[in-house]
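Visitor: Below you'll find the structure I mean.
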Amino acid sequence: MSRSVWSKVFANFVNSLRPRQTKGNLMGEDYMFNKYYEIPAMHSQGHFPVHSFATYTQKGSSQKQSSQPSQRNQSQKANSSQFQQTAQEIIDLDRMVAEVIQYFLIMEQKKFPVKRNDVMKLVPGISAKNFQTVIAQAQTYLDDVFGFLLHEFDEKSGHYVLLNQVIMPENLPHQDLSESNTILFLTLSAIFLSEGCIGEDEVWNMLDILGYKPENHKKLVTSDFVRQLYINLEVIPQSDPPRMNFTWGERATIEFTKKEILAFAAKIYGQPPEQFGTLWNLADKEDKAREAN
Amino acid sequence: MASDQQKQILQYLLYKPLVSLKDLEKIYAAAYERQGRGEEIRDLVRSLNDLLKPAQLGIKSRLCEDNNEEYFALINMIESEAAKHTSEFSPAEFELFKWVLKEIVSSESGSVSSIDCINQSSYIQKLTKTDAQKALDKFLASQWLNEREGEVSLTVRALLELEPLLKKLDEDLQNCKICNKLAVKKVACPNCGAKFHRYCISKLKLKCPACHRVWRSLEEESTPSQMSLSQTLSQTSNPSTSQVPNRRNGGIRRGRSHMESDDSE
């Protein structure tokens with residue numbers, strides 16, 4: 001197409017006499033009954049969708065400009081045009097990333113880990129091919145906007161949790177300092193003070209002494225905390241009736257430092273944490289190793 | 001890229017999605033360590049919405065139907081597949097929740113008694129009365145429902161986020177003709193039946209914008225045949241809200257003259 005103004009004027013005039021060449025969605029009419037249509041995005045001519053997640057990643061995308069909102073372009077059915085295909089794919093990708101983000105946020109409220117298989121099942125359009133891209137974009141967004149670090153546990157089976165990196169000011173609470181949290185900390189302290197492994201009966205005793213009746217909280221500890229990966233259960237072999245041992249779970253290891261737990265235990269015993277001897281050394285060593293990473 | 005303060009505020013909103021305007025001012029003060037000037041709160045909401053847009057979340061606001069204060073809620077803008085499958089409620093609890101929603105929108109007062117909610121557990125499998133009480137507490141804690149004096153009603157969060165679901169549950173549900181927001185707690189014009197919020201119609205000094213009929217008092221609910229009864233009741237209970245003299249003709253005439261004076265403006 002020639003770029004000169006007058007040839008464009010002439011071309012418009014000729015096109016107005018022909019039947020409409022570009023398919024568009026009727027958006028509405030103005031007072032003079034002129035009809036306005038939304039036409040598909042044409043990258044070659046400078047129409048880019050907005051709010052693409054591609055703008056969030058540093059690599060690759062040239063889409064910094066914005067003219068039409070991507071939402072409305074969703075209604076466009078893809079023509080054979082190559083550019084439209086890309087626009088539609090980007091929109092679908094954006095939608096997938098949004099759903100993944102929401103799923104992570106919801107699961108984080110319950111503190112349940114997110115399994116890769118669940119994501120594959122629940123998010124429409126996701127496949128093995130685009131999984132990594134979607135997760136990467138979701139990860140960047142969650143960090144940039146909410147301050148959540150997406151942590152992957154197991155390379156093979158793949159489950160994820162969100163770790164809060166944001167330091168909240170004192171007068172702005174962001175989680176329930178409720179009973180279950182207290183019980184969690186007590187259990188973790190008990191495990192730590194027993195050098196990493198404790199029998200279940202001792203835990204029930206401890207909770208009982210502190211006023212938490214085991215019958216009420218057994219389910220919380222053995223089912224919820226295990227599901228949330230805070231503690232691990234193993235059955236003691238050849239025990240009759242079968243008894244279980246508790247150990248620290250993966251989530252507890254990354255979410256809490258041993259020092260925090262020790263400080264909590266120290267408060268209960270009324271002793272400063274440094275007086276815990278080997279345990280204090282252990283906690284200190286672990287902290288240094290963490291900082292080195 | 002969100003600033004640290006914005007991240008803090010978003011974290012708070014994830015934990016408590018429904019906040020009043022006053023709460024939001026306190027949150028601003030906690031994060032930015034100073035009081036926010038009027039426009040700054042609005043700017044904050046706008047900038048947070050820009051940040052949230054790619055995740056299809058948003059902070060919307062509207063006036064509460066009970067006390068006419070402005071409330072803000074962090075809501076989902078799409079019906080995501082994932083969100084549907086990971087409800088925080090068990091299937092039995094969710095059935096009770098849907099029943100409560102349906103009762104609320106079909107009622108005139110926009111509320112249902114908490115006792116009825118708990119008794120409904122007998123019609124739902126796997127839900128005992130204690131479970132129903134626990135479920136109700138859960139709904140209150142997660143800010144979907146409010147309870148006042150034994151009556152359970154919808155929070156602003158429910159009104160904003162569940163609007164499509166509510167419209168499906170009851171087809172008669174309309175928007176208030178004055179503010180154009182969904183009206184669950186509504187009063188109806190005795191003349192033409194149009195629905196409004198109590199505060200909206202009070203601001204218009206009880207004059208219905210559809211038929212220009214001035215109401216005697218906010219206590220008027222339904223048909224004109226009940227008007228003489230409500231007339232005497234309203235006189236004794238709410239003399240301050242009645243805007244027109246006793247006689248019916250006088251009321252209509254006053255209404256007409258209002259209309260005439262409007263036309264002449």
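A note on labels: chains of the structure tokens are A, B, ... as shown, every chain counts residues from 1, and ligands are counted from 1 in their shown order.
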Using only C-alpha atoms and a distance of at most 8 Å, pull out the residues of chain A that contact chain B, as a ChimeraX atom specification.
Guide: /A:51-53,94,97-103,106-107,109,122-124,144-147,166-169,171-175
Visitor: Range 4-73 of chain B: which residues are strand (DSSP E or B) by DSSP, as a list in words?
Guide: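 So the strand (DSSP E or B) residues in range 4-73 of chain B would be Leu18, Val19, Ser20, Leu57, Gly58, Ile59, Lys60, Ser61, Arg62, Leu63, Glu70, Tyr71, Phe72 and Ala73 of chain B.
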Visitor: Write out as a list of chain:residue names each polymer residue whose atoms come within 12 Å of Arg251 in chain A, counting only C-alpha atoms; drop sequence neighbours fewer than 6 positions from it.
Guide: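 That gives A:Lys111, A:Phe112, A:Pro113, A:His151, A:Glu152, A:Phe153, A:Asp154, A:His159, A:Tyr160, A:Val161, A:Leu162, A:Leu163, A:Leu188, A:Phe225, A:Val226, A:Arg227, A:Gln228, A:Leu229, A:Tyr230, A:Ile231, A:Asn232, A:Thr257.
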Visitor: Can I get the selection written as a compact mmCIF listing (two decimals), in the first residue's frame, with C-alpha atoms?
Guide:
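Generated output (result.txt):
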# COMPACT_ATOMS: atom_id res chain seq x y z
CA LYS A 111 -2.01 -23.47 52.99
CA PHE A 112 -2.39 -26.53 50.78
CA PRO A 113 0.36 -27.23 48.26
CA HIS A 151 8.62 -22.52 45.45
CA GLU A 152 8.76 -25.89 43.75
CA PHE A 153 9.42 -28.85 45.99
CA ASP A 154 9.86 -31.91 43.96
CA HIS A 159 4.19 -29.46 43.89
CA TYR A 160 4.36 -25.82 44.69
CA VAL A 161 3.71 -23.50 47.57
CA LEU A 162 3.72 -19.74 47.85
CA LEU A 163 6.09 -18.18 50.34
CA LEU A 188 7.14 -28.29 65.48
CA PHE A 225 -0.71 -30.55 58.85
CA VAL A 226 0.46 -33.56 56.87
CA ARG A 227 -1.51 -32.47 53.83
CA GLN A 228 -0.02 -29.00 54.15
CA LEU A 229 3.43 -30.63 54.26
CA TYR A 230 4.25 -29.14 57.63
CA ILE A 231 4.88 -32.49 59.28
CA ASN A 232 5.52 -36.03 58.14
CA THR A 257 13.76 -21.15 60.44
Visitor: Please list as a list in words every residue within 8 Å of Ile198 in chain A, counting only C-alpha atoms and excluding residues in the same chain fewer than 5 positions away.
Guide: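 Those residues are Ala190, Ile191, Val203, Asn245, Phe246 and Thr247 of chain A.
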Visitor: Applying 12 Å and only C-alpha atoms, which residues near range 157-167 of chain B remain after dropping the ones on its own chain fewer than 2 positions away? List them as a VMD selection string.
Guide: chain B and resid 16 to 20 57 to 65 70 to 79 97 to 106 110 139 to 140 142 to 146 153 to 155 169 to 175 181 to 185
Visitor: I'd like the interatomic distance between CA of Arg198 in chain B and CA of Asp23 in chain B, to a tenth of an Å.
Guide: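 These atoms are spaced 24.4 Å apart.
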Visitor: Quick one, how far is CA of Arg216 in chain B from CA of Ser111 in chain B?
Guide: 24.5 Å
Visitor: Give me, please, the distance in Å between CA of Pro242 in chain A and CA of Leu220 in chain A, quoted to one decimal.
Guide: 19.1 Å
Visitor: Step one, run DSSP on the backbone; step two, keep only residues of range 27-243 of chain B assigned to helix (DSSP H, G or I); then write them as number ranges by chain.
Guide: B: 27-32, 38-55, 81-85, 91-106, 114-123, 129-141, 156-161, 163-169, 198-203, 224-237
Visitor: Given only C-alpha atoms as the basis, pick out the residue of A:Ser4, A:Thr182, A:Gln137, A:Thr253 nearest to Leu210 in chain A.
Guide: A:Thr182
